[in-house]
Each structure stands twice: as C-alpha cells, then as structure tokens.
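Notes follow once the structure below has been shown.
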Amino acid sequence: MKTINKTLFFFIVITLAVISCVKKEDSAVSDLDILRNTNNKTVQMDSTQAINAITLQKVQDVLDLSTLYLSGEKNTEIDTAIYSKIEKYFQKPDSTTFNVLFKELESLQVKKVKVNNINIYQEIQNNDTLDLAKFNVEYFDKKNKSIGTFEKNAQYTLVSKPEKTSKEFKFYFVNFYQQSLKKDSTSTGVTK
C-alpha cells in the first residue's frame, strides 16, 4: 500500500510539474499571426493624401535628424553622417537653409519635435507652379515640456525617376521653414 501511495504521489507531482512547465497559449492574436492571416488588402489613397502623408513623414524626419544633430558635438563621424542624411532630403542642399533651421532649434533649446496639421497646396508665381506645405510644429524641451506650436512652410518638389516603366517619384525639399510666399496686401510703413 505504501508503495502504491508513493508511486501515486510521485506520479501526481510529475504530472503537475509537466503541466506547470507547459507554456500556456495567450488568447490574444500575435502580430505575426495577423501578418500571416492578412490577405494584402491595399489602402486606396488619392494623390493628395499620399503626398500629404509623404510630406508629413519627410518633415518629421528632417526635424528629428536636426535635433539629433544639434544634440551632438557636430564634429564626430556620427554627426557628419546625420548631417549628410539631412542633406539627402534637399534637392540642392544649402547651408543657409540648415542655418535658419538650426538657429531656431538651438535658440529655443528644442530636444523633440512633433509635426501636426500638414496641408499641401500650390501657388503660381511668375508662370511657375510651386508645391508648398504648411504645417504646425510643436517643440519640446529636454523635460518633454511643450515650448510652443509654430506654423511653418516648406517648398518641395517631386522628381520623376528616369525609368519610364515606373511611376515613382523622388521627394526633395527646395526650401524649408521659409516665410509665406504670398505678399501681404498691407503696405509697410506708417498708417493712420
């Protein structure tokens, strides 16, 4: 009888050990299962929505890279790599463009940036059609406290790739943080 009780007890302990070691499956669906079971439905966007999304991402990237560059020593290999990455977002990189952007970010001691409410539009100026984006930028300090929200403008261009079969474009900024191109109808000077 003692042998049966010991054997039964030993069997129960081993069974409980095995059950406790078995990984329980979560009832939640993992990201991998979601990807595995998708049927690759594409989201349809019109060209304006697509350009809006691309422009928002590019503006955010330039500002994130700029704050990262300014947080460094500006003379290391990593800083050089970050600076060259920023230059790739511009059709004709110009240090004056970066100086305006960097000066503003440094003067406000910006550590983090969030881009909101982007709106793309076109202006006609001397027979040229300019592609412009107006957006709001919220700056944050090192304590993640909001410094303020500012309205900014940028001019961009879409350059088609040379392959005739693909309808792909390369996105570049022409000007970043420019003032509004439209002239105010109010003249400057003394008014009564």
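Labels for the structure tokens follow display order: chains A, B, ..., residues from 1 in each chain, ligands from 1.
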| Selection: 9 Å around A:Val113, only C-alpha atoms, excl. self and same-chain fewer than 3 positions, as a list in words |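 Contacts, in chain order: Gln60, Leu63, Asp64, Thr67, Val110, Val137, Glu138, Tyr139 and Phe140 of chain A.
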| Can you list, as a count of residues only, every protein, DNA or RNA residue that comes within 10 Å of A:Gln155 when you count only C-alpha atoms, leaving out same-chain residues fewer than 6 positions away? | 17
| Nearest to A:Ile118 among A:Asn52, A:Asn75, A:Thr157, A:Ser95, with distances taken over only C-alpha atoms: which residue is it? |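 Of all the options, A:Asn52 lies closest to A:Ile118.
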| note | As a check of understanding: the span from atom CA of A:Glu168 to atom CA of A:Ile86 is 21.3 Å
Once DSSP has gone over the backbone, tell me which residues of stretch 40-157 of chain A are in strand (DSSP E or B), as an mmCIF file with N, CA, C and O atoms, in the first residue's frame.
data_model
loop_
_atom_site.group_PDB
_atom_site.id
_atom_site.type_symbol
_atom_site.label_atom_id
_atom_site.label_comp_id
_atom_site.auth_asym_id
_atom_site.auth_seq_id
_atom_site.Cartn_x
_atom_site.Cartn_y
_atom_site.Cartn_z
ATOM 1 N N PHE A 90 17.085 67.269 -49.438
ATOM 2 C CA PHE A 90 17.003 68.524 -50.172
ATOM 3 C C PHE A 90 17.522 68.345 -51.587
ATOM 4 O O PHE A 90 18.500 67.637 -51.818
ATOM 5 N N LYS A 112 12.898 67.764 -28.852
ATOM 6 C CA LYS A 112 11.954 66.857 -29.511
ATOM 7 C C LYS A 112 10.970 67.697 -30.312
ATOM 8 O O LYS A 112 10.631 68.814 -29.920
ATOM 9 N N VAL A 113 10.507 67.149 -31.425
ATOM 10 C CA VAL A 113 9.626 67.884 -32.332
ATOM 11 C C VAL A 113 8.471 66.979 -32.744
ATOM 12 O O VAL A 113 8.654 65.784 -32.968
ATOM 13 N N LYS A 114 7.286 67.562 -32.860
ATOM 14 C CA LYS A 114 6.133 66.821 -33.366
ATOM 15 C C LYS A 114 5.437 67.681 -34.423
ATOM 16 O O LYS A 114 5.091 68.835 -34.169
ATOM 17 N N VAL A 115 5.237 67.109 -35.588
ATOM 18 C CA VAL A 115 4.608 67.818 -36.704
ATOM 19 C C VAL A 115 3.127 67.470 -36.731
ATOM 20 O O VAL A 115 2.748 66.311 -36.635
ATOM 21 N N ASN A 116 2.282 68.489 -36.880
ATOM 22 C CA ASN A 116 0.824 68.309 -36.913
ATOM 23 C C ASN A 116 0.221 69.093 -38.076
ATOM 24 O O ASN A 116 0.816 70.036 -38.581
ATOM 25 N N ASN A 117 -0.977 68.734 -38.423
ATOM 26 C CA ASN A 117 -1.828 69.505 -39.338
ATOM 27 C C ASN A 117 -1.104 69.964 -40.596
ATOM 28 O O ASN A 117 -1.020 71.150 -40.876
ATOM 29 N N ILE A 118 -0.620 69.038 -41.362
ATOM 30 C CA ILE A 118 0.061 69.410 -42.601
ATOM 31 C C ILE A 118 -0.968 69.602 -43.702
ATOM 32 O O ILE A 118 -1.966 68.894 -43.772
ATOM 33 N N ASN A 119 -0.731 70.600 -44.529
ATOM 34 C CA ASN A 119 -1.634 70.907 -45.630
ATOM 35 C C ASN A 119 -0.774 71.260 -46.837
ATOM 36 O O ASN A 119 0.030 72.176 -46.777
ATOM 37 N N ILE A 120 -0.935 70.518 -47.923
ATOM 38 C CA ILE A 120 -0.180 70.834 -49.131
ATOM 39 C C ILE A 120 -1.048 71.664 -50.054
ATOM 40 O O ILE A 120 -2.272 71.530 -50.078
ATOM 41 N N TYR A 121 -0.404 72.544 -50.786
ATOM 42 C CA TYR A 121 -1.120 73.397 -51.736
ATOM 43 C C TYR A 121 -0.143 73.868 -52.796
ATOM 44 O O TYR A 121 1.072 73.650 -52.683
ATOM 45 N N GLN A 122 -0.672 74.513 -53.828
ATOM 46 C CA GLN A 122 0.178 75.031 -54.895
ATOM 47 C C GLN A 122 -0.050 76.524 -55.040
ATOM 48 O O GLN A 122 -1.166 77.021 -54.848
ATOM 49 N N GLU A 123 1.031 77.228 -55.377
ATOM 50 C CA GLU A 123 0.965 78.650 -55.676
ATOM 51 C C GLU A 123 1.566 78.865 -57.048
ATOM 52 O O GLU A 123 2.536 78.195 -57.410
ATOM 53 N N ILE A 124 1.000 79.795 -57.768
ATOM 54 C CA ILE A 124 1.547 80.139 -59.070
ATOM 55 C C ILE A 124 2.291 81.450 -58.905
ATOM 56 O O ILE A 124 1.732 82.440 -58.420
ATOM 57 N N GLN A 125 3.563 81.448 -59.323
ATOM 58 C CA GLN A 125 4.400 82.627 -59.187
ATOM 59 C C GLN A 125 5.231 82.755 -60.457
ATOM 60 O O GLN A 125 6.094 81.929 -60.734
ATOM 61 N N ASP A 128 5.407 79.835 -62.798
ATOM 62 C CA ASP A 128 5.879 78.626 -62.135
ATOM 63 C C ASP A 128 4.843 78.174 -61.122
ATOM 64 O O ASP A 128 4.261 78.990 -60.410
ATOM 65 N N THR A 129 4.626 76.885 -61.068
ATOM 66 C CA THR A 129 3.749 76.325 -60.043
ATOM 67 C C THR A 129 4.623 75.774 -58.933
ATOM 68 O O THR A 129 5.459 74.899 -59.167
ATOM 69 N N LEU A 130 4.447 76.303 -57.744
ATOM 70 C CA LEU A 130 5.244 75.894 -56.598
ATOM 71 C C LEU A 130 4.429 74.956 -55.720
ATOM 72 O O LEU A 130 3.283 75.243 -55.396
ATOM 73 N N ASP A 131 5.023 73.834 -55.351
ATOM 74 C CA ASP A 131 4.395 72.893 -54.429
ATOM 75 C C ASP A 131 4.828 73.267 -53.022
ATOM 76 O O ASP A 131 6.021 73.268 -52.713
ATOM 77 N N LEU A 132 3.848 73.580 -52.180
ATOM 78 C CA LEU A 132 4.137 74.062 -50.834
ATOM 79 C C LEU A 132 3.412 73.225 -49.789
ATOM 80 O O LEU A 132 2.381 72.631 -50.066
ATOM 81 N N ALA A 133 3.968 73.239 -48.611
ATOM 82 C CA ALA A 133 3.344 72.570 -47.471
ATOM 83 C C ALA A 133 3.325 73.540 -46.305
ATOM 84 O O ALA A 133 4.318 74.195 -46.013
ATOM 85 N N LYS A 134 2.180 73.629 -45.667
ATOM 86 C CA LYS A 134 2.039 74.431 -44.452
ATOM 87 C C LYS A 134 1.754 73.448 -43.332
ATOM 88 O O LYS A 134 0.918 72.565 -43.483
ATOM 89 N N PHE A 135 2.462 73.601 -42.217
ATOM 90 C CA PHE A 135 2.303 72.639 -41.134
ATOM 91 C C PHE A 135 2.562 73.321 -39.797
ATOM 92 O O PHE A 135 3.156 74.399 -39.730
ATOM 93 N N ASN A 136 2.085 72.683 -38.752
ATOM 94 C CA ASN A 136 2.339 73.154 -37.392
ATOM 95 C C ASN A 136 3.400 72.258 -36.766
ATOM 96 O O ASN A 136 3.362 71.046 -36.918
ATOM 97 N N VAL A 137 4.321 72.886 -36.064
ATOM 98 C CA VAL A 137 5.385 72.164 -35.387
ATOM 99 C C VAL A 137 5.306 72.481 -33.908
ATOM 100 O O VAL A 137 5.260 73.644 -33.519
ATOM 101 N N GLU A 138 5.252 71.433 -33.094
ATOM 102 C CA GLU A 138 5.276 71.621 -31.645
ATOM 103 C C GLU A 138 6.668 71.234 -31.155
ATOM 104 O O GLU A 138 7.158 70.146 -31.434
ATOM 105 N N TYR A 139 7.297 72.165 -30.441
ATOM 106 C CA TYR A 139 8.629 71.936 -29.905
ATOM 107 C C TYR A 139 8.536 71.528 -28.435
ATOM 108 O O TYR A 139 7.695 72.034 -27.704
ATOM 109 N N PHE A 140 9.450 70.639 -28.040
ATOM 110 C CA PHE A 140 9.517 70.193 -26.650
ATOM 111 C C PHE A 140 10.947 70.371 -26.145
ATOM 112 O O PHE A 140 11.903 70.203 -26.898
ATOM 113 N N SER A 146 6.192 71.179 -23.453
ATOM 114 C CA SER A 146 5.946 71.895 -24.699
ATOM 115 C C SER A 146 6.474 73.325 -24.619
ATOM 116 O O SER A 146 6.192 74.059 -23.679
ATOM 117 N N ILE A 147 7.253 73.695 -25.621
ATOM 118 C CA ILE A 147 7.756 75.066 -25.732
ATOM 119 C C ILE A 147 6.735 75.925 -26.454
ATOM 120 O O ILE A 147 6.559 77.092 -26.147
ATOM 121 N N GLY A 148 6.045 75.331 -27.418
ATOM 122 C CA GLY A 148 5.034 76.043 -28.176
ATOM 123 C C GLY A 148 4.798 75.389 -29.522
ATOM 124 O O GLY A 148 5.559 74.528 -29.954
ATOM 125 N N THR A 149 3.752 75.832 -30.188
ATOM 126 C CA THR A 149 3.411 75.342 -31.520
ATOM 127 C C THR A 149 3.566 76.496 -32.502
ATOM 128 O O THR A 149 3.063 77.591 -32.257
ATOM 129 N N PHE A 150 4.250 76.230 -33.601
ATOM 130 C CA PHE A 150 4.555 77.264 -34.574
ATOM 131 C C PHE A 150 4.107 76.818 -35.961
ATOM 132 O O PHE A 150 4.226 75.647 -36.310
ATOM 133 N N GLU A 151 3.616 77.759 -36.753
ATOM 134 C CA GLU A 151 3.212 77.458 -38.121
ATOM 135 C C GLU A 151 4.401 77.693 -39.036
ATOM 136 O O GLU A 151 5.049 78.737 -38.975
ATOM 137 N N LYS A 152 4.697 76.715 -39.880
ATOM 138 C CA LYS A 152 5.858 76.762 -40.766
ATOM 139 C C LYS A 152 5.435 76.418 -42.182
ATOM 140 O O LYS A 152 4.387 75.834 -42.413
ATOM 141 N N ASN A 153 6.301 76.778 -43.120
ATOM 142 C CA ASN A 153 6.085 76.488 -44.530
ATOM 143 C C ASN A 153 7.316 75.809 -45.101
ATOM 144 O O ASN A 153 8.432 76.059 -44.643
ATOM 145 N N ALA A 154 7.110 75.001 -46.115
ATOM 146 C CA ALA A 154 8.221 74.380 -46.833
ATOM 147 C C ALA A 154 7.811 74.228 -48.294
ATOM 148 O O ALA A 154 6.642 74.008 -48.598
ATOM 149 N N GLN A 155 8.783 74.389 -49.162
ATOM 150 C CA GLN A 155 8.552 74.153 -50.582
ATOM 151 C C GLN A 155 9.212 72.829 -50.929
ATOM 152 O O GLN A 155 10.334 72.552 -50.504
ATOM 153 N N TYR A 156 8.509 71.998 -51.696
ATOM 154 C CA TYR A 156 9.043 70.693 -52.067
ATOM 155 C C TYR A 156 8.860 70.472 -53.556
ATOM 156 O O TYR A 156 8.144 71.211 -54.242
ATOM 157 N N THR A 157 9.521 69.461 -54.054
ATOM 158 C CA THR A 157 9.365 69.079 -55.446
ATOM 159 C C THR A 157 9.374 67.558 -55.549
ATOM 160 O O THR A 157 9.996 66.886 -54.730
#
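Counting from atom CA of A:Tyr89, the distance to atom CA of A:Glu104 is 18.9 Å.
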| message | I'd like the interatomic distance between atom CA of A:Phe102 and atom CA of A:Leu70, to a tenth of an Å. | response |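 Distance between the two atoms: 7.4 Å.
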| query | Can you list, as number ranges by chain, every residue of stretch 8-182 of chain A that DSSP puts in helix (DSSP H, G or I)? | reply | A: 8-21, 31-36, 47-71, 77-87, 95-107
